[in-house]
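Have a look at my_file.cif below; it lists mmCIF, C-alpha atoms.
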```cif
data_entry
loop_
_atom_site.label_atom_id
_atom_site.label_comp_id
_atom_site.auth_asym_id
_atom_site.auth_seq_id
_atom_site.Cartn_x
_atom_site.Cartn_y
_atom_site.Cartn_z
CA MET A 23 7.48 11.16 19.49
CA THR A 24 8.73 11.10 15.98
CA GLU A 25 12.01 9.40 15.53
CA ALA A 26 14.56 9.70 12.81
CA LYS A 27 14.10 6.93 10.34
CA PRO A 28 15.04 6.22 6.78
CA SER A 29 12.77 8.19 4.57
CA VAL A 30 9.89 6.19 3.25
CA SER A 31 8.42 8.98 1.22
CA THR A 32 8.42 7.37 -2.13
CA PRO A 33 6.32 9.58 -4.31
CA THR A 34 3.71 7.24 -5.61
CA PRO A 35 3.33 7.53 -9.31
CA THR A 36 -0.03 7.81 -10.91
CA THR A 37 -2.37 5.67 -8.91
CA ALA A 38 -3.41 2.45 -10.46
CA PRO A 39 -6.82 2.29 -12.08
CA THR A 40 -9.06 1.04 -9.34
CA THR A 41 -12.72 0.51 -8.96
CA VAL A 42 -13.77 3.12 -6.48
CA GLY A 43 -14.69 1.79 -3.08
CA ALA A 44 -15.24 -1.72 -4.23
CA THR A 45 -11.94 -3.10 -3.08
CA THR A 46 -11.07 -1.61 0.25
CA ALA A 47 -14.21 0.22 1.27
CA GLY A 48 -14.01 0.87 4.96
CA THR A 49 -10.81 -1.05 5.47
CA PRO A 50 -8.64 1.07 7.62
CA ALA A 51 -5.06 0.94 6.58
CA ARG A 52 -2.93 0.95 3.55
CA LEU A 53 0.74 0.44 3.20
CA ALA A 54 3.04 3.25 2.30
CA ASP A 55 4.47 1.63 -0.76
CA ASP A 56 1.37 1.50 -2.87
CA THR A 57 2.53 1.09 -6.35
CA ALA A 58 0.98 0.76 -9.72
CA GLN A 59 1.06 -2.96 -9.08
CA GLY A 60 -1.62 -2.82 -6.44
CA LYS A 61 -2.68 -1.61 -3.05
CA THR A 62 -1.86 -3.22 0.25
CA THR A 63 -4.31 -2.98 3.09
CA ILE A 64 -3.50 -3.83 6.67
CA ALA A 65 -6.42 -4.34 9.00
CA ALA A 66 -6.48 -2.46 12.29
CA SER A 67 -6.60 -5.71 14.23
CA VAL A 68 -3.19 -6.60 12.86
CA VAL A 69 -1.70 -3.40 14.26
CA GLN A 70 -3.63 -3.94 17.49
CA LYS A 71 -2.23 -7.39 18.06
CA ILE A 72 1.34 -6.43 17.26
CA ALA A 73 1.15 -3.44 19.60
CA GLY A 74 -0.43 -5.49 22.37
CA ILE A 75 2.18 -8.20 22.17
CA ALA A 76 5.03 -5.68 22.07
CA ALA A 77 3.69 -3.89 25.14
CA ARG A 78 3.31 -7.11 27.13
CA GLU A 79 6.86 -8.12 26.31
CA ILE A 80 8.18 -5.44 28.64
CA SER A 81 8.61 -6.79 32.13
CA GLY A 82 6.75 -4.67 34.58
CA VAL A 83 3.58 -4.59 32.48
CA TYR A 84 1.20 -6.71 34.50
CA ALA A 85 -1.87 -6.53 32.29
CA MET A 86 -3.46 -4.50 29.56
CA GLY A 87 -6.73 -2.68 29.54
CA GLY A 88 -8.98 -0.89 31.95
CA GLY A 89 -11.19 -2.86 34.29
CA VAL A 90 -14.04 -3.15 31.84
CA SER A 91 -12.02 -4.16 28.82
CA ARG A 92 -10.10 -6.70 30.89
CA ALA A 93 -13.37 -8.26 31.98
CA PHE A 94 -14.65 -8.37 28.41
CA GLY A 95 -11.36 -9.79 27.19
CA ALA A 96 -11.63 -12.62 29.69
CA ILE A 97 -15.16 -13.37 28.53
CA ARG A 98 -14.34 -13.09 24.86
CA GLU A 99 -11.52 -15.58 25.18
CA ARG A 100 -13.99 -18.25 26.28
CA ILE A 101 -16.35 -17.67 23.40
CA PRO A 102 -15.59 -19.87 20.40
CA GLY A 103 -14.81 -17.55 17.55
CA GLY A 104 -14.19 -14.72 19.96
CA GLY A 105 -10.62 -15.14 18.91
CA ALA A 106 -7.68 -16.62 20.71
CA GLY A 107 -6.01 -13.28 20.30
CA ALA A 108 -8.77 -11.42 22.08
CA SER A 109 -6.61 -10.99 25.13
CA ASN A 110 -3.85 -9.55 23.01
CA ILE A 111 -5.93 -6.60 21.95
CA ALA A 112 -7.40 -5.68 25.30
CA GLY A 113 -6.34 -2.18 26.15
CA VAL A 114 -5.09 -1.36 22.69
CA GLN A 115 -6.83 1.14 20.49
CA VAL A 116 -5.36 2.01 17.15
CA GLU A 117 -6.06 4.48 14.47
CA VAL A 118 -4.57 3.48 11.18
CA GLY A 119 -4.16 5.76 8.22
CA GLU A 120 -2.64 5.23 4.84
CA LYS A 121 0.94 5.47 5.99
CA GLN A 122 0.78 6.13 9.69
CA ALA A 123 -0.67 4.65 12.83
CA ALA A 124 -1.48 6.11 16.23
CA ILE A 125 -1.75 3.81 19.21
CA ASP A 126 -3.38 4.22 22.61
CA LEU A 127 -2.53 1.75 25.35
CA ASP A 128 -4.14 1.12 28.73
CA ILE A 129 -1.76 -0.73 30.97
CA VAL A 130 -1.60 -2.03 34.53
CA VAL A 131 1.89 -1.88 35.95
CA GLU A 132 3.57 -4.09 38.51
CA TYR A 133 4.26 -2.44 41.81
CA GLY A 134 7.93 -1.61 42.00
CA ALA A 135 8.44 -0.58 38.41
CA SER A 136 9.38 2.96 37.57
CA ILE A 137 6.37 4.06 35.60
CA VAL A 138 8.25 6.68 33.63
CA GLU A 139 10.92 4.22 32.61
CA LEU A 140 8.37 1.55 31.93
CA ALA A 141 6.28 3.79 29.71
CA ARG A 142 9.35 4.79 27.80
CA ALA A 143 10.34 1.16 27.27
CA VAL A 144 6.82 0.17 26.22
CA ARG A 145 6.63 3.04 23.77
CA ARG A 146 10.00 2.18 22.27
CA ASN A 147 9.15 -1.50 21.89
CA VAL A 148 5.72 -0.85 20.41
CA ILE A 149 7.06 1.64 17.88
CA THR A 150 9.84 -0.71 16.84
CA ALA A 151 7.56 -3.71 16.51
CA VAL A 152 4.77 -2.00 14.59
CA GLU A 153 7.09 -0.16 12.24
CA ARG A 154 9.11 -3.25 11.53
CA MET A 155 6.21 -5.59 11.13
CA THR A 156 3.78 -3.43 9.20
CA GLY A 157 5.85 -0.73 7.54
CA LEU A 158 3.51 1.91 8.94
CA GLU A 159 5.02 4.93 10.62
CA VAL A 160 3.93 5.19 14.24
CA ILE A 161 3.28 8.83 14.97
CA GLU A 162 2.32 8.49 18.61
CA VAL A 163 1.88 5.99 21.38
CA ASN A 164 -0.23 7.30 24.24
CA ILE A 165 0.03 5.29 27.40
CA ALA A 166 -2.50 5.41 30.19
CA VAL A 167 -1.48 3.66 33.38
CA ASN A 168 -4.80 2.58 34.83
CA ASP A 169 -3.82 0.56 37.82
CA ILE A 170 -0.93 -0.82 39.76
CA HIS A 171 -0.72 -4.45 40.72
CA LEU A 172 0.38 -5.27 44.23
CA PRO A 173 1.69 -8.84 44.32
CA GLU A 174 1.34 -9.57 48.04
CA ILE A 175 -2.42 -8.95 48.10
CA GLU A 176 -3.07 -11.56 45.47
CA GLU A 177 -0.81 -14.12 47.15
CA THR A 178 -2.69 -14.20 50.42
CA GLY A 179 -6.00 -13.75 48.68
CA GLU A 180 -7.41 -11.68 51.50
CA LEU A 181 -7.43 -8.08 52.44
CA PRO A 182 -4.98 -6.91 55.07
CA VAL A 183 -6.41 -7.28 58.55
CA VAL A 184 -7.91 -4.12 59.83
CA GLN A 185 -6.47 -3.30 63.15
CA SER A 186 -9.57 -2.57 65.13
CA ALA A 187 -8.02 -1.87 68.46
CA ARG A 188 -4.61 -0.40 68.52
CA VAL A 189 -4.65 0.44 72.17
CA GLU A 190 -6.59 -1.18 74.91
CA MET B 10 -22.80 -24.08 -16.02
CA SER B 11 -19.45 -25.35 -14.92
CA HIS B 12 -17.15 -25.44 -17.84
CA PRO B 13 -14.32 -27.84 -17.29
CA ALA B 14 -11.86 -25.07 -18.04
CA ASP B 15 -13.55 -21.97 -16.66
CA PRO B 16 -10.67 -19.49 -16.91
CA TYR B 17 -11.76 -17.49 -13.87
CA ALA B 18 -12.19 -20.51 -11.62
CA ASP B 19 -8.94 -21.99 -12.80
CA LEU B 20 -7.02 -18.78 -12.24
CA ALA B 21 -8.61 -18.25 -8.84
CA GLU B 22 -7.65 -21.76 -7.80
CA ARG B 23 -4.08 -21.28 -8.91
CA VAL B 24 -3.81 -17.92 -7.15
CA ALA B 25 -5.19 -19.46 -3.95
CA ALA B 26 -2.70 -22.30 -4.20
CA VAL B 27 0.28 -20.04 -4.68
CA VAL B 28 -0.74 -17.74 -1.83
CA THR B 29 -1.37 -20.52 0.68
CA ALA B 30 1.94 -22.08 -0.30
CA HIS B 31 3.77 -19.02 0.95
CA PRO B 32 5.48 -19.86 4.26
CA ALA B 33 4.39 -16.65 5.98
CA VAL B 34 0.74 -16.99 5.01
CA ALA B 35 -1.42 -18.76 7.57
CA ALA B 36 -4.69 -18.75 5.64
CA LEU B 37 -6.78 -16.96 3.12
CA HIS B 38 -9.29 -14.44 4.44
CA GLY B 39 -12.38 -12.83 3.00
CA GLY B 40 -11.46 -9.32 4.04
CA GLU B 41 -13.61 -7.03 6.10
CA PHE B 42 -17.03 -8.06 4.89
CA GLY B 43 -16.03 -11.32 3.31
CA ALA B 44 -16.10 -9.50 0.01
CA VAL B 45 -12.89 -11.02 -1.25
CA ALA B 46 -14.20 -14.27 -2.64
CA THR B 47 -14.73 -16.13 -5.86
CA TYR B 48 -18.09 -17.75 -6.41
CA LEU B 49 -17.63 -21.10 -8.03
CA PRO B 50 -20.23 -23.67 -8.95
CA GLY B 51 -21.18 -25.32 -5.70
CA ARG B 52 -18.80 -23.46 -3.45
CA LYS B 53 -17.10 -20.26 -2.62
CA LEU B 54 -13.37 -19.69 -2.66
CA VAL B 55 -12.72 -17.20 0.11
CA GLY B 56 -9.72 -14.91 -0.10
CA VAL B 57 -9.26 -14.55 -3.83
CA ARG B 58 -11.19 -12.42 -6.24
CA ILE B 59 -10.27 -12.15 -9.89
CA GLY B 60 -11.43 -8.81 -11.20
CA ASP B 61 -13.15 -8.38 -14.50
CA GLY B 62 -11.25 -6.55 -17.22
CA ASP B 63 -8.89 -4.02 -15.66
CA GLU B 64 -10.25 -4.54 -12.16
CA PRO B 65 -7.59 -5.68 -9.74
CA VAL B 66 -6.97 -9.19 -8.56
CA GLU B 67 -7.71 -9.15 -4.85
CA VAL B 68 -6.15 -11.39 -2.27
CA GLY B 69 -7.10 -11.46 1.42
CA LEU B 70 -4.77 -13.26 3.76
CA VAL B 71 -3.78 -13.91 7.34
CA VAL B 72 -0.08 -13.80 8.12
CA HIS B 73 1.97 -15.62 10.70
CA ALA B 74 3.42 -13.29 13.30
CA GLY B 75 7.14 -12.78 13.00
CA HIS B 76 7.29 -11.99 9.34
CA PRO B 77 7.54 -8.33 8.36
CA ILE B 78 4.37 -7.61 6.44
CA PRO B 79 5.90 -5.43 3.70
CA GLN B 80 8.23 -8.25 2.66
CA VAL B 81 5.48 -10.84 2.79
CA VAL B 82 3.17 -8.68 0.71
CA ARG B 83 5.87 -7.97 -1.80
CA SER B 84 6.69 -11.59 -2.38
CA VAL B 85 3.04 -12.68 -2.45
CA ARG B 86 2.35 -9.96 -4.98
CA ARG B 87 5.25 -11.13 -7.08
CA ASP B 88 3.97 -14.70 -7.02
CA VAL B 89 0.42 -13.70 -7.90
CA SER B 90 1.53 -11.31 -10.63
CA ALA B 91 3.38 -14.15 -12.27
CA LEU B 92 0.08 -15.98 -12.66
CA CYS B 93 -1.90 -13.04 -13.94
CA PRO B 94 0.54 -10.77 -15.72
CA GLY B 95 -0.47 -7.22 -16.30
CA SER B 96 -3.15 -6.98 -13.66
CA VAL B 97 -3.05 -4.99 -10.47
CA VAL B 98 -2.83 -7.13 -7.33
CA ASP B 99 -4.49 -5.70 -4.24
CA ILE B 100 -3.62 -7.42 -0.99
CA VAL B 101 -5.52 -7.18 2.27
CA VAL B 102 -3.71 -8.33 5.38
CA ALA B 103 -6.76 -9.07 7.46
CA ASP B 104 -5.28 -10.68 10.53
CA ILE B 105 -2.20 -12.07 12.15
CA VAL B 106 -1.85 -15.34 14.03
CA LEU B 107 0.64 -16.15 16.73
CA ALA B 108 2.37 -19.48 16.52
CA ASP B 109 2.87 -19.73 20.27
CA ALA B 110 -0.72 -18.73 21.03
CA VAL B 111 -1.95 -21.54 18.84
CA ASP B 112 0.33 -23.99 20.59
CA MET B 113 -0.88 -22.99 24.01
CA SER B 114 -4.56 -23.38 23.34
#
```

If you took the structure in this file and wrote it as structure tokens, what would it be?
Amino acid sequence: MTEAKPSVSTPTPTTAPTTVGATTAGTPARLADDTAQGKTTIAASVVQKIAGIAAREISGVYAMGGGVSRAFGAIRERIPGGGAGASNIAGVQVEVGEKQAAIDLDIVVEYGASIVELARAVRRNVITAVERMTGLEVIEVNIAVNDIHLPEIEETGELPVVQSARVE
Amino acid sequence: MSHPADPYADLAERVAAVVTAHPAVAALHGGEFGAVATYLPGRKLVGVRIGDGDEPVEVGLVVHAGHPIPQVVRSVRRDVSALCPGSVVDIVVADIVLADAVDMS
């Protein structure tokens, strides 16, 4: 899933004198262009939100997340301080390194969409968005299609009638 | 305790002002454990920490979505470096806010 891109491999000169661990202890990500002028750290939630938004932009993506994380996302949105963006990160797991990021997505597709095409479009959009917005190189985007959404069931709000007696 | 011209407090205030003035910055942020903060008499300035000696100046911020982070960080770093020449400026992008999401809620 690597794509050709302008090389970002600027050999960082001697790293700046830093106090070990005090500044970014445990913070997940760092930008590629660390210079002697200072480090840049990007939190994982930033990458998560960008990836979630980019995935939802593709038409044919009905929702994000597995059943459990969708339920929690709905609850979290109602909790003050749970974050208005809580729904944006449902179904998005990220692993962020110093220069690269790996992204796992759980999506629910609309019935009628070609899943292969849809996954390809989602992957392309997520990679473009994250790389442009954060400067991190996206090494992989794994997409799990968890469910398919059938529109007509939700419209009527009831299950299709079971035909009990087909013949008399 | 509070000197009228405490150099650390004054510098921290000016750094905070220049960072929040940046159009792509939504707010200051204390970083992962709220560790990026300056303790002032009577209050705490979250999002800026002026290091002692050759320790870095740390800035934690939340960006508006739609601005490429590398550019934002570069220009914020340039602005902050102008205030404290010679020191290393570490920047933590702690979160991102969506303009349309804020409008909807």

Selection under test: the PyMOL selection byres ((chain A) within 6 of (chain B)); residues as a ChimeraX atom specification
/A:59-65,68,155-156

Nearest to Arg146 in chain A, chosen from A:Leu172, A:Val189, A:Ile165, A:Met86, with all atoms listed in the file counted in the distances:
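Checking each of A:Leu172, A:Val189, A:Ile165, A:Met86 against Arg146 in chain A, counting all atoms listed in the file, the winner is A:Ile165.
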
Quick check, in Å to one decimal: how far apart do CA of Val69 in chain A and CA of Ala166 in chain A lie?
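Going from CA of Val69 in chain A over to CA of Ala166 in chain A, I get 18.2 Å.
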
Grab the CA of Ser81 in chain A to CA of Ala66 in chain A distance for me, in Å with one decimal place.
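These two atoms are separated by 25.3 Å.
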
Point-to-point distance in Å for CA of Leu20 in chain B and CA of Arg52 in chain B
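Straight-line distance from CA of Arg52 in chain B to CA of Leu20 in chain B works out to 15.4 Å.
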
Any idea what's packed within 10 Å of Arg145 in chain A, counting only C-alpha atoms, ignoring anything in its chain fewer than 5 positions away? Could you give it as a PyMOL selection string?
chain A and resi 23+73+76-77+80+125+127+139-140+150-151+162-165

To box range 58-77 of chain B, take all atoms listed in the file, fit an axis-aligned box, add 3 Å on each side, and give centre and edge lengths in Å to one decimal, as JSON.
```
{"center_x": -2.8, "center_y": -9.8, "center_z": -2.0, "size_x": 26.7, "size_y": 17.6, "size_z": 36.5}
```

With all atoms listed in the file as the atoms that count, which of B:Val57, B:Ala108, B:Val85, B:Leu37 lies nearest to Tyr17 in chain B?
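Comparing B:Val57, B:Ala108, B:Val85, B:Leu37 against Tyr17 in chain B, the winner is B:Val57.
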
Considering all atoms listed in the file, return as number ranges by chain whatever protein or nucleic-acid residues lie within 6 Å of Ile170 in chain A, sequence-local ones (same chain, fewer than 6 positions apart) excluded.
A: 130-133

Output check: residues returned by the PyMOL selection byres ((chain A and resi 115) around 8), as a list in words:
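Given this file, the PyMOL selection byres ((chain A and resi 115) around 8) evaluates to Gln70, Ile111, Gly113, Val114, Val116, Glu117, Ile125, Asp126 and Leu127 of chain A.
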